[in-house]
file coords36.pdb (PDB, N, CA and C atoms)
MODEL        1
ATOM      1  N   MET X 226       0.831  -1.181   0.000
ATOM      2  CA  MET X 226       0.000   0.000   0.000
ATOM      3  C   MET X 226       0.871   1.238   0.000
ATOM      4  N   SER X 227       0.425   2.226  -0.733
ATOM      5  CA  SER X 227       1.206   3.452  -0.835
ATOM      6  C   SER X 227       1.077   4.287   0.449
ATOM      7  N   PRO X 228       2.083   5.085   0.731
ATOM      8  CA  PRO X 228       2.009   5.960   1.907
ATOM      9  C   PRO X 228       0.806   6.909   1.847
ATOM     10  N   ASP X 229       0.446   7.363   0.651
ATOM     11  CA  ASP X 229      -0.708   8.245   0.498
ATOM     12  C   ASP X 229      -2.007   7.522   0.881
ATOM     13  N   PHE X 230      -2.125   6.271   0.464
ATOM     14  CA  PHE X 230      -3.301   5.459   0.787
ATOM     15  C   PHE X 230      -3.427   5.291   2.302
ATOM     16  N   ILE X 231      -2.324   4.937   2.956
ATOM     17  CA  ILE X 231      -2.316   4.771   4.415
ATOM     18  C   ILE X 231      -2.632   6.089   5.107
ATOM     19  N   SER X 232      -2.085   7.183   4.610
ATOM     20  CA  SER X 232      -2.331   8.503   5.194
ATOM     21  C   SER X 232      -3.814   8.860   5.156
ATOM     22  N   LYS X 233      -4.466   8.555   4.048
ATOM     23  CA  LYS X 233      -5.907   8.829   3.936
ATOM     24  C   LYS X 233      -6.691   8.024   4.966
ATOM     25  N   TRP X 234      -6.327   6.766   5.133
ATOM     26  CA  TRP X 234      -7.008   5.933   6.116
ATOM     27  C   TRP X 234      -6.720   6.415   7.531
ATOM     28  N   GLU X 235      -5.500   6.853   7.807
ATOM     29  CA  GLU X 235      -5.167   7.366   9.139
ATOM     30  C   GLU X 235      -6.032   8.566   9.493
ATOM     31  N   SER X 236      -6.192   9.490   8.558
ATOM     32  CA  SER X 236      -7.000  10.677   8.848
ATOM     33  C   SER X 236      -8.474  10.310   9.005
ATOM     34  N   LEU X 237      -8.948   9.336   8.264
ATOM     35  CA  LEU X 237     -10.333   8.886   8.397
ATOM     36  C   LEU X 237     -10.570   8.254   9.762
ATOM     37  N   ILE X 238      -9.667   7.399  10.181
ATOM     38  CA  ILE X 238      -9.841   6.644  11.419
ATOM     39  C   ILE X 238      -9.556   7.489  12.654
ATOM     40  N   GLN X 239      -8.776   8.520  12.498
ATOM     41  CA  GLN X 239      -8.419   9.380  13.629
ATOM     42  C   GLN X 239      -9.662   9.932  14.330
ATOM     43  N   ASP X 240     -10.721  10.175  13.591
ATOM     44  CA  ASP X 240     -11.928  10.762  14.155
ATOM     45  C   ASP X 240     -12.913   9.735  14.712
ATOM     46  N   VAL X 241     -12.606   8.450  14.606
ATOM     47  CA  VAL X 241     -13.508   7.412  15.073
ATOM     48  C   VAL X 241     -13.354   7.236  16.580
ATOM     49  N   ASP X 242     -14.487   7.105  17.280
ATOM     50  CA  ASP X 242     -14.480   6.845  18.713
ATOM     51  C   ASP X 242     -14.062   5.391  18.922
ATOM     52  N   LYS X 243     -12.965   5.160  19.623
ATOM     53  CA  LYS X 243     -12.377   3.833  19.701
ATOM     54  C   LYS X 243     -12.565   3.204  21.087
ATOM     55  N   HIS X 244     -13.799   2.909  21.454
ATOM     56  CA  HIS X 244     -14.043   2.243  22.733
ATOM     57  C   HIS X 244     -14.120   0.733  22.572
ATOM     58  N   ARG X 245     -14.579   0.289  21.428
ATOM     59  CA  ARG X 245     -14.679  -1.145  21.154
ATOM     60  C   ARG X 245     -14.058  -1.401  19.789
ATOM     61  N   VAL X 246     -12.865  -1.966  19.813
ATOM     62  CA  VAL X 246     -12.114  -2.194  18.584
ATOM     63  C   VAL X 246     -11.786  -3.686  18.501
ATOM     64  N   PRO X 247     -12.112  -4.333  17.382
ATOM     65  CA  PRO X 247     -11.703  -5.736  17.243
ATOM     66  C   PRO X 247     -10.186  -5.864  17.393
ATOM     67  N   VAL X 248      -9.759  -6.861  18.140
ATOM     68  CA  VAL X 248      -8.347  -7.021  18.468
ATOM     69  C   VAL X 248      -7.487  -7.167  17.208
ATOM     70  N   LYS X 249      -8.041  -7.702  16.139
ATOM     71  CA  LYS X 249      -7.238  -7.876  14.925
ATOM     72  C   LYS X 249      -6.852  -6.539  14.290
ATOM     73  N   PHE X 250      -7.519  -5.450  14.687
ATOM     74  CA  PHE X 250      -7.219  -4.127  14.144
ATOM     75  C   PHE X 250      -6.305  -3.302  15.057
ATOM     76  N   ILE X 251      -5.902  -3.865  16.182
ATOM     77  CA  ILE X 251      -5.059  -3.137  17.136
ATOM     78  C   ILE X 251      -3.593  -3.498  16.909
ATOM     79  N   LYS X 252      -2.773  -2.479  16.830
ATOM     80  CA  LYS X 252      -1.324  -2.676  16.710
ATOM     81  C   LYS X 252      -0.698  -2.764  18.097
ATOM     82  N   LYS X 253      -1.034  -1.789  18.951
ATOM     83  CA  LYS X 253      -0.511  -1.741  20.313
ATOM     84  C   LYS X 253      -1.555  -1.128  21.241
ATOM     85  N   LEU X 254      -1.473  -1.487  22.504
ATOM     86  CA  LEU X 254      -2.229  -0.825  23.559
ATOM     87  C   LEU X 254      -1.214  -0.158  24.476
ATOM     88  N   ILE X 255      -1.410   1.115  24.723
ATOM     89  CA  ILE X 255      -0.539   1.827  25.658
ATOM     90  C   ILE X 255      -1.374   2.106  26.899
ATOM     91  N   ILE X 256      -0.979   1.482  27.981
ATOM     92  CA  ILE X 256      -1.749   1.549  29.228
ATOM     93  C   ILE X 256      -1.083   2.566  30.143
ATOM     94  N   LYS X 257      -1.801   3.650  30.421
ATOM     95  CA  LYS X 257      -1.303   4.707  31.314
ATOM     96  C   LYS X 257      -1.694   4.326  32.739
ATOM     97  N   LEU X 258      -0.713   4.391  33.643
ATOM     98  CA  LEU X 258      -0.903   3.922  35.013
ATOM     99  C   LEU X 258      -0.535   4.980  36.041
ATOM    100  N   ASN X 259      -1.174   4.892  37.198
ATOM    101  CA  ASN X 259      -0.730   5.629  38.375
ATOM    102  C   ASN X 259       0.241   4.731  39.109
ATOM    103  N   GLY X 260       1.476   5.160  39.228
ATOM    104  CA  GLY X 260       2.483   4.377  39.939
ATOM    105  C   GLY X 260       2.284   4.456  41.443
ATOM    106  N   GLU X 261       2.893   3.526  42.151
ATOM    107  CA  GLU X 261       2.789   3.510  43.607
ATOM    108  C   GLU X 261       3.374   4.776  44.225
ATOM    109  N   ASP X 262       4.344   5.373  43.552
ATOM    110  CA  ASP X 262       4.976   6.585  44.054
ATOM    111  C   ASP X 262       4.239   7.850  43.615
ATOM    112  N   GLY X 263       3.070   7.669  42.986
ATOM    113  CA  GLY X 263       2.276   8.809  42.532
ATOM    114  C   GLY X 263       2.654   9.314  41.157
ATOM    115  N   LYS X 264       3.727   8.789  40.611
ATOM    116  CA  LYS X 264       4.152   9.206  39.278
ATOM    117  C   LYS X 264       3.433   8.374  38.226
ATOM    118  N   ARG X 265       3.199   8.986  37.088
ATOM    119  CA  ARG X 265       2.563   8.284  35.970
ATOM    120  C   ARG X 265       3.559   7.347  35.309
ATOM    121  N   LYS X 266       3.082   6.171  34.979
ATOM    122  CA  LYS X 266       3.889   5.185  34.269
ATOM    123  C   LYS X 266       3.049   4.638  33.131
ATOM    124  N   GLN X 267       3.671   3.851  32.280
ATOM    125  CA  GLN X 267       2.901   3.213  31.222
ATOM    126  C   GLN X 267       3.481   1.849  30.892
ATOM    127  N   GLN X 268       2.610   0.987  30.399
ATOM    128  CA  GLN X 268       3.012  -0.302  29.871
ATOM    129  C   GLN X 268       2.413  -0.432  28.487
ATOM    130  N   THR X 269       3.101  -1.145  27.632
ATOM    131  CA  THR X 269       2.632  -1.337  26.266
ATOM    132  C   THR X 269       2.409  -2.815  26.010
ATOM    133  N   ILE X 270       1.281  -3.126  25.398
ATOM    134  CA  ILE X 270       1.024  -4.480  24.910
ATOM    135  C   ILE X 270       1.139  -4.409  23.398
ATOM    136  N   ASN X 271       2.136  -5.090  22.858
ATOM    137  CA  ASN X 271       2.356  -5.097  21.416
ATOM    138  C   ASN X 271       1.515  -6.219  20.811
ATOM    139  N   VAL X 272       0.286  -5.897  20.444
ATOM    140  CA  VAL X 272      -0.667  -6.875  19.924
ATOM    141  C   VAL X 272      -0.171  -7.462  18.602
ATOM    142  N   GLU X 273       0.376  -6.616  17.762
ATOM    143  CA  GLU X 273       0.892  -7.072  16.473
ATOM    144  C   GLU X 273       1.955  -8.162  16.667
ATOM    145  N   LYS X 274       2.803  -7.973  17.656
ATOM    146  CA  LYS X 274       3.858  -8.954  17.929
ATOM    147  C   LYS X 274       3.270 -10.282  18.416
ATOM    148  N   LEU X 275       2.200 -10.207  19.215
ATOM    149  CA  LEU X 275       1.552 -11.437  19.681
ATOM    150  C   LEU X 275       1.026 -12.249  18.495
ATOM    151  N   PHE X 276       0.433 -11.565  17.522
ATOM    152  CA  PHE X 276      -0.043 -12.257  16.322
ATOM    153  C   PHE X 276       1.136 -12.835  15.529
ATOM    154  N   GLU X 277       2.225 -12.072  15.437
ATOM    155  CA  GLU X 277       3.414 -12.544  14.718
ATOM    156  C   GLU X 277       4.008 -13.794  15.371
ATOM    157  N   GLN X 278       3.815 -13.939  16.680
ATOM    158  CA  GLN X 278       4.317 -15.103  17.404
ATOM    159  C   GLN X 278       3.414 -16.324  17.222
ATOM    160  N   GLY X 279       2.314 -16.141  16.498
ATOM    161  CA  GLY X 279       1.448 -17.275  16.179
ATOM    162  C   GLY X 279       0.216 -17.421  17.049
ATOM    163  N   LEU X 280      -0.024 -16.502  17.963
ATOM    164  CA  LEU X 280      -1.222 -16.589  18.789
ATOM    165  C   LEU X 280      -2.448 -16.284  17.939
ATOM    166  N   ASP X 281      -3.556 -16.978  18.227
ATOM    167  CA  ASP X 281      -4.797 -16.684  17.515
ATOM    168  C   ASP X 281      -5.550 -15.577  18.255
ATOM    169  N   ILE X 282      -6.649 -15.135  17.666
ATOM    170  CA  ILE X 282      -7.404 -14.003  18.228
ATOM    171  C   ILE X 282      -7.817 -14.271  19.669
ATOM    172  N   SER X 283      -8.298 -15.461  19.944
ATOM    173  CA  SER X 283      -8.754 -15.797  21.294
ATOM    174  C   SER X 283      -7.611 -15.718  22.307
ATOM    175  N   ALA X 284      -6.447 -16.227  21.947
ATOM    176  CA  ALA X 284      -5.290 -16.193  22.852
ATOM    177  C   ALA X 284      -4.810 -14.764  23.080
ATOM    178  N   VAL X 285      -4.841 -13.937  22.036
ATOM    179  CA  VAL X 285      -4.448 -12.534  22.170
ATOM    180  C   VAL X 285      -5.439 -11.798  23.074
ATOM    181  N   GLU X 286      -6.730 -12.032  22.869
ATOM    182  CA  GLU X 286      -7.745 -11.409  23.731
ATOM    183  C   GLU X 286      -7.548 -11.818  25.187
ATOM    184  N   ASP X 287      -7.246 -13.094  25.420
ATOM    185  CA  ASP X 287      -6.998 -13.573  26.785
ATOM    186  C   ASP X 287      -5.770 -12.894  27.392
ATOM    187  N   ALA X 288      -4.706 -12.773  26.611
ATOM    188  CA  ALA X 288      -3.483 -12.132  27.103
ATOM    189  C   ALA X 288      -3.749 -10.675  27.479
ATOM    190  N   ILE X 289      -4.488  -9.975  26.630
ATOM    191  CA  ILE X 289      -4.827  -8.576  26.918
ATOM    192  C   ILE X 289      -5.694  -8.496  28.169
ATOM    193  N   GLY X 290      -6.717  -9.329  28.229
ATOM    194  CA  GLY X 290      -7.620  -9.329  29.380
ATOM    195  C   GLY X 290      -6.902  -9.614  30.678
ATOM    196  N   ASN X 291      -5.993 -10.581  30.646
ATOM    197  CA  ASN X 291      -5.236 -10.920  31.856
ATOM    198  C   ASN X 291      -4.366  -9.756  32.318
ATOM    199  N   ARG X 292      -3.700  -9.096  31.375
ATOM    200  CA  ARG X 292      -2.840  -7.961  31.726
ATOM    201  C   ARG X 292      -3.682  -6.811  32.277
ATOM    202  N   LEU X 293      -4.810  -6.516  31.632
ATOM    203  CA  LEU X 293      -5.654  -5.415  32.099
ATOM    204  C   LEU X 293      -6.230  -5.713  33.479
ATOM    205  N   GLN X 294      -6.593  -6.959  33.706
ATOM    206  CA  GLN X 294      -7.125  -7.334  35.015
ATOM    207  C   GLN X 294      -6.055  -7.178  36.099
ATOM    208  N   LEU X 295      -4.836  -7.553  35.774
ATOM    209  CA  LEU X 295      -3.720  -7.439  36.708
ATOM    210  C   LEU X 295      -3.450  -5.970  37.072
ATOM    211  N   LEU X 296      -3.593  -5.077  36.105
ATOM    212  CA  LEU X 296      -3.276  -3.660  36.300
ATOM    213  C   LEU X 296      -4.488  -2.797  36.637
ATOM    214  N   GLU X 297      -5.649  -3.397  36.710
ATOM    215  CA  GLU X 297      -6.918  -2.669  36.796
ATOM    216  C   GLU X 297      -6.925  -1.511  37.791
ATOM    217  N   ALA X 298      -6.429  -1.715  38.976
ATOM    218  CA  ALA X 298      -6.470  -0.678  40.016
ATOM    219  C   ALA X 298      -5.593   0.529  39.690
ATOM    220  N   GLN X 299      -4.611   0.344  38.807
ATOM    221  CA  GLN X 299      -3.671   1.418  38.492
ATOM    222  C   GLN X 299      -3.984   2.130  37.179
ATOM    223  N   ILE X 300      -4.891   1.596  36.381
ATOM    224  CA  ILE X 300      -5.128   2.133  35.035
ATOM    225  C   ILE X 300      -5.808   3.493  35.092
ATOM    226  N   VAL X 301      -5.219   4.450  34.385
ATOM    227  CA  VAL X 301      -5.779   5.786  34.237
ATOM    228  C   VAL X 301      -6.453   5.905  32.870
ATOM    229  N   ASN X 302      -5.784   5.356  31.848
ATOM    230  CA  ASN X 302      -6.262   5.482  30.472
ATOM    231  C   ASN X 302      -5.608   4.402  29.621
ATOM    232  N   ILE X 303      -6.275   4.059  28.517
ATOM    233  CA  ILE X 303      -5.685   3.124  27.559
ATOM    234  C   ILE X 303      -5.779   3.752  26.180
ATOM    235  N   ASP X 304      -4.641   3.861  25.519
ATOM    236  CA  ASP X 304      -4.599   4.376  24.149
ATOM    237  C   ASP X 304      -4.486   3.202  23.191
ATOM    238  N   PHE X 305      -5.328   3.213  22.164
ATOM    239  CA  PHE X 305      -5.294   2.199  21.121
ATOM    240  C   PHE X 305      -4.477   2.741  19.955
ATOM    241  N   ILE X 306      -3.452   2.016  19.557
ATOM    242  CA  ILE X 306      -2.717   2.324  18.331
ATOM    243  C   ILE X 306      -3.214   1.308  17.309
ATOM    244  N   LEU X 307      -3.879   1.805  16.286
ATOM    245  CA  LEU X 307      -4.525   0.922  15.326
ATOM    246  C   LEU X 307      -3.595   0.522  14.198
ATOM    247  N   ASN X 308      -3.838  -0.652  13.650
ATOM    248  CA  ASN X 308      -3.098  -1.141  12.499
ATOM    249  C   ASN X 308      -3.867  -0.705  11.253
ATOM    250  N   ILE X 309      -3.488   0.434  10.718
ATOM    251  CA  ILE X 309      -4.212   1.058   9.610
ATOM    252  C   ILE X 309      -4.239   0.156   8.375
ATOM    253  N   ALA X 310      -3.146  -0.500   8.084
ATOM    254  CA  ALA X 310      -3.094  -1.368   6.901
ATOM    255  C   ALA X 310      -4.096  -2.514   7.013
ATOM    256  N   THR X 311      -4.213  -3.109   8.198
ATOM    257  CA  THR X 311      -5.158  -4.206   8.396
ATOM    258  C   THR X 311      -6.599  -3.712   8.261
ATOM    259  N   ILE X 312      -6.869  -2.539   8.799
ATOM    260  CA  ILE X 312      -8.215  -1.967   8.693
ATOM    261  C   ILE X 312      -8.541  -1.668   7.238
ATOM    262  N   ALA X 313      -7.616  -1.051   6.542
ATOM    263  CA  ALA X 313      -7.833  -0.723   5.130
ATOM    264  C   ALA X 313      -8.048  -1.985   4.305
ATOM    265  N   ASP X 314      -7.254  -3.020   4.565
ATOM    266  CA  ASP X 314      -7.412  -4.289   3.842
ATOM    267  C   ASP X 314      -8.801  -4.891   4.066
ATOM    268  N   ALA X 315      -9.325  -4.732   5.264
ATOM    269  CA  ALA X 315     -10.637  -5.296   5.584
ATOM    270  C   ALA X 315     -11.784  -4.467   5.025
ATOM    271  N   VAL X 316     -11.640  -3.162   5.039
ATOM    272  CA  VAL X 316     -12.744  -2.276   4.675
ATOM    273  C   VAL X 316     -12.759  -1.900   3.195
ATOM    274  N   GLN X 317     -11.597  -1.741   2.603
ATOM    275  CA  GLN X 317     -11.523  -1.249   1.226
ATOM    276  C   GLN X 317     -12.298  -2.113   0.226
ATOM    277  N   PRO X 318     -12.220  -3.439   0.272
ATOM    278  CA  PRO X 318     -13.000  -4.234  -0.690
ATOM    279  C   PRO X 318     -14.510  -4.003  -0.565
ATOM    280  N   GLU X 319     -14.988  -3.844   0.648
ATOM    281  CA  GLU X 319     -16.416  -3.564   0.855
ATOM    282  C   GLU X 319     -16.779  -2.180   0.316
ATOM    283  N   THR X 320     -15.902  -1.222   0.544
ATOM    284  CA  THR X 320     -16.120   0.131   0.029
ATOM    285  C   THR X 320     -16.151   0.123  -1.493
ATOM    286  N   ASP X 321     -15.206  -0.579  -2.099
ATOM    287  CA  ASP X 321     -15.161  -0.672  -3.562
ATOM    288  C   ASP X 321     -16.429  -1.322  -4.119
ATOM    289  N   ALA X 322     -16.878  -2.392  -3.474
ATOM    290  CA  ALA X 322     -18.089  -3.087  -3.931
ATOM    291  C   ALA X 322     -19.312  -2.178  -3.813
ATOM    292  N   PHE X 323     -19.384  -1.430  -2.728
ATOM    293  CA  PHE X 323     -20.508  -0.511  -2.534
ATOM    294  C   PHE X 323     -20.502   0.584  -3.603
ATOM    295  N   LEU X 324     -19.338   1.149  -3.868
ATOM    296  CA  LEU X 324     -19.237   2.245  -4.833
ATOM    297  C   LEU X 324     -19.539   1.781  -6.261
ATOM    298  N   ARG X 325     -19.228   0.530  -6.563
ATOM    299  CA  ARG X 325     -19.532   0.007  -7.896
ATOM    300  C   ARG X 325     -21.037  -0.053  -8.156
ATOM    301  N   LYS X 326     -21.805  -0.186  -7.080
ATOM    302  CA  LYS X 326     -23.260  -0.289  -7.216
ATOM    303  C   LYS X 326     -23.919   1.067  -7.411
ATOM    304  N   LEU X 327     -23.211   2.143  -7.193
ATOM    305  CA  LEU X 327     -23.783   3.477  -7.336
ATOM    306  C   LEU X 327     -23.894   3.899  -8.780
TER     307      LEU X 327
ENDMDL
END
call {"tool": "encode", "arguments": {"input": "coords36.pdb", "output": "structure tokens"}}
result
Amino acid sequence: MSPDFISKWESLIQDVDKHRVPVKFIKKLIIKLNGEDGKRKQQTINVEKLFEQGLDISAVEDAIGNRLQLLEAQIVNIDFILNIATIADAVQPETDAFLRKL
């Protein structure tokens, strides 16, 4: 995919409210935490790497859930870093099919 194509998808997705995102579209989760010393800390779950290691969707969801449950009391915020290429690959064929019907 060209950088221009990815850039267009990034700007489109930037405005989407991301409270419920299928795990296959997540690149990383950045978990913002309140540290025991009162300082802010963060942990990152590299979802893309988990898939690269051969885990299936269910195993990745379990790994994320377990980590979030472990950190639950300290979590301030979670940032989703989306995998734009995966989203574009999934959505673009449907968009093309819809536009052909117009």
call {"tool": "resolve_selection", "arguments": {"input": "coords36.pdb", "expression": "the PyMOL selection byres (((chain X and resi 276-278 and name CA) around 12) and name CA)", "output": "PyMOL selection string"}}
result
chain X and resi 248-253+270-275+279-286+288
call {"tool": "select_by_dssp", "arguments": {"input": "coords36.pdb", "residues": "chain X", "states": "strand (DSSP E)", "output": "JSON, numbers by chain"}}
result
{"X": [251, 252, 253, 254, 255, 256, 257, 258, 259, 265, 266, 267, 268, 269, 270, 300, 301, 302, 303, 304, 305, 306, 307]}
call {"tool": "atom_distance", "arguments": {"input": "coords36.pdb", "atom1": "atom C of Asn259 in chain X", "atom2": "atom C of Gln299 in chain X"}}
result
5.3 Å
call {"tool": "atom_distance", "arguments": {"input": "coords36.pdb", "atom1": "CA of Phe305 in chain X", "atom2": "atom C of Leu254 in chain X"}}
result
5.8 Å
call {"tool": "atom_distance", "arguments": {"input": "coords36.pdb", "atom1": "CA of Thr269 in chain X", "atom2": "CA of Lys257 in chain X"}}
result
8.8 Å
call {"tool": "select_by_dssp", "arguments": {"input": "coords36.pdb", "residues": "chain X", "states": "alpha helix (DSSP H)", "output": "VMD selection string"}}
result
chain X and resid 228 to 239 272 to 277 282 to 296 309 to 325
call {"tool": "resolve_selection", "arguments": {"input": "coords36.pdb", "expression": "the PyMOL selection byres ((chain X and resi 303) around 6)", "output": "ChimeraX atom specification"}}
result
/X:255-257,301-302,304-305
call {"tool": "axis_aligned_box", "arguments": {"input": "coords36.pdb", "around": "range 307-324 of chain X", "padding_each_side": "6 Å", "output": "JSON"}}
result
{"center_x": -11.8, "center_y": -1.5, "center_z": 5.0, "size_x": 29.4, "size_y": 19.5, "size_z": 34.5}
call {"tool": "residues_around", "arguments": {"input": "coords36.pdb", "residues": "Ile300 in chain X", "least_positions_apart": "4", "cutoff": "12 Å", "atoms": "only C-alpha atoms", "output": "PDB file with N, CA and C atoms, in the frame of the given file"}}
result
ATOM      1  N   ILE X 255      -1.410   1.115  24.723  1.00  0.00           N
ATOM      2  CA  ILE X 255      -0.539   1.827  25.658  1.00  0.00           C
ATOM      3  C   ILE X 255      -1.374   2.106  26.899  1.00  0.00           C
ATOM      4  N   ILE X 256      -0.979   1.482  27.981  1.00  0.00           N
ATOM      5  CA  ILE X 256      -1.749   1.549  29.228  1.00  0.00           C
ATOM      6  C   ILE X 256      -1.083   2.566  30.143  1.00  0.00           C
ATOM      7  N   LYS X 257      -1.801   3.650  30.421  1.00  0.00           N
ATOM      8  CA  LYS X 257      -1.303   4.707  31.314  1.00  0.00           C
ATOM      9  C   LYS X 257      -1.694   4.326  32.739  1.00  0.00           C
ATOM     10  N   LEU X 258      -0.713   4.391  33.643  1.00  0.00           N
ATOM     11  CA  LEU X 258      -0.903   3.922  35.013  1.00  0.00           C
ATOM     12  C   LEU X 258      -0.535   4.980  36.041  1.00  0.00           C
ATOM     13  N   ASN X 259      -1.174   4.892  37.198  1.00  0.00           N
ATOM     14  CA  ASN X 259      -0.730   5.629  38.375  1.00  0.00           C
ATOM     15  C   ASN X 259       0.241   4.731  39.109  1.00  0.00           C
ATOM     16  N   GLY X 260       1.476   5.160  39.228  1.00  0.00           N
ATOM     17  CA  GLY X 260       2.483   4.377  39.939  1.00  0.00           C
ATOM     18  C   GLY X 260       2.284   4.456  41.443  1.00  0.00           C
ATOM     19  N   GLU X 261       2.893   3.526  42.151  1.00  0.00           N
ATOM     20  CA  GLU X 261       2.789   3.510  43.607  1.00  0.00           C
ATOM     21  C   GLU X 261       3.374   4.776  44.225  1.00  0.00           C
ATOM     22  N   ARG X 265       3.199   8.986  37.088  1.00  0.00           N
ATOM     23  CA  ARG X 265       2.563   8.284  35.970  1.00  0.00           C
ATOM     24  C   ARG X 265       3.559   7.347  35.309  1.00  0.00           C
ATOM     25  N   LYS X 266       3.082   6.171  34.979  1.00  0.00           N
ATOM     26  CA  LYS X 266       3.889   5.185  34.269  1.00  0.00           C
ATOM     27  C   LYS X 266       3.049   4.638  33.131  1.00  0.00           C
ATOM     28  N   GLN X 267       3.671   3.851  32.280  1.00  0.00           N
ATOM     29  CA  GLN X 267       2.901   3.213  31.222  1.00  0.00           C
ATOM     30  C   GLN X 267       3.481   1.849  30.892  1.00  0.00           C
ATOM     31  N   GLN X 268       2.610   0.987  30.399  1.00  0.00           N
ATOM     32  CA  GLN X 268       3.012  -0.302  29.871  1.00  0.00           C
ATOM     33  C   GLN X 268       2.413  -0.432  28.487  1.00  0.00           C
ATOM     34  N   ARG X 292      -3.700  -9.096  31.375  1.00  0.00           N
ATOM     35  CA  ARG X 292      -2.840  -7.961  31.726  1.00  0.00           C
ATOM     36  C   ARG X 292      -3.682  -6.811  32.277  1.00  0.00           C
ATOM     37  N   LEU X 293      -4.810  -6.516  31.632  1.00  0.00           N
ATOM     38  CA  LEU X 293      -5.654  -5.415  32.099  1.00  0.00           C
ATOM     39  C   LEU X 293      -6.230  -5.713  33.479  1.00  0.00           C
ATOM     40  N   GLN X 294      -6.593  -6.959  33.706  1.00  0.00           N
ATOM     41  CA  GLN X 294      -7.125  -7.334  35.015  1.00  0.00           C
ATOM     42  C   GLN X 294      -6.055  -7.178  36.099  1.00  0.00           C
ATOM     43  N   LEU X 295      -4.836  -7.553  35.774  1.00  0.00           N
ATOM     44  CA  LEU X 295      -3.720  -7.439  36.708  1.00  0.00           C
ATOM     45  C   LEU X 295      -3.450  -5.970  37.072  1.00  0.00           C
ATOM     46  N   LEU X 296      -3.593  -5.077  36.105  1.00  0.00           N
ATOM     47  CA  LEU X 296      -3.276  -3.660  36.300  1.00  0.00           C
ATOM     48  C   LEU X 296      -4.488  -2.797  36.637  1.00  0.00           C
ATOM     49  N   ASP X 304      -4.641   3.861  25.519  1.00  0.00           N
ATOM     50  CA  ASP X 304      -4.599   4.376  24.149  1.00  0.00           C
ATOM     51  C   ASP X 304      -4.486   3.202  23.191  1.00  0.00           C
TER      52      ASP X 304
END
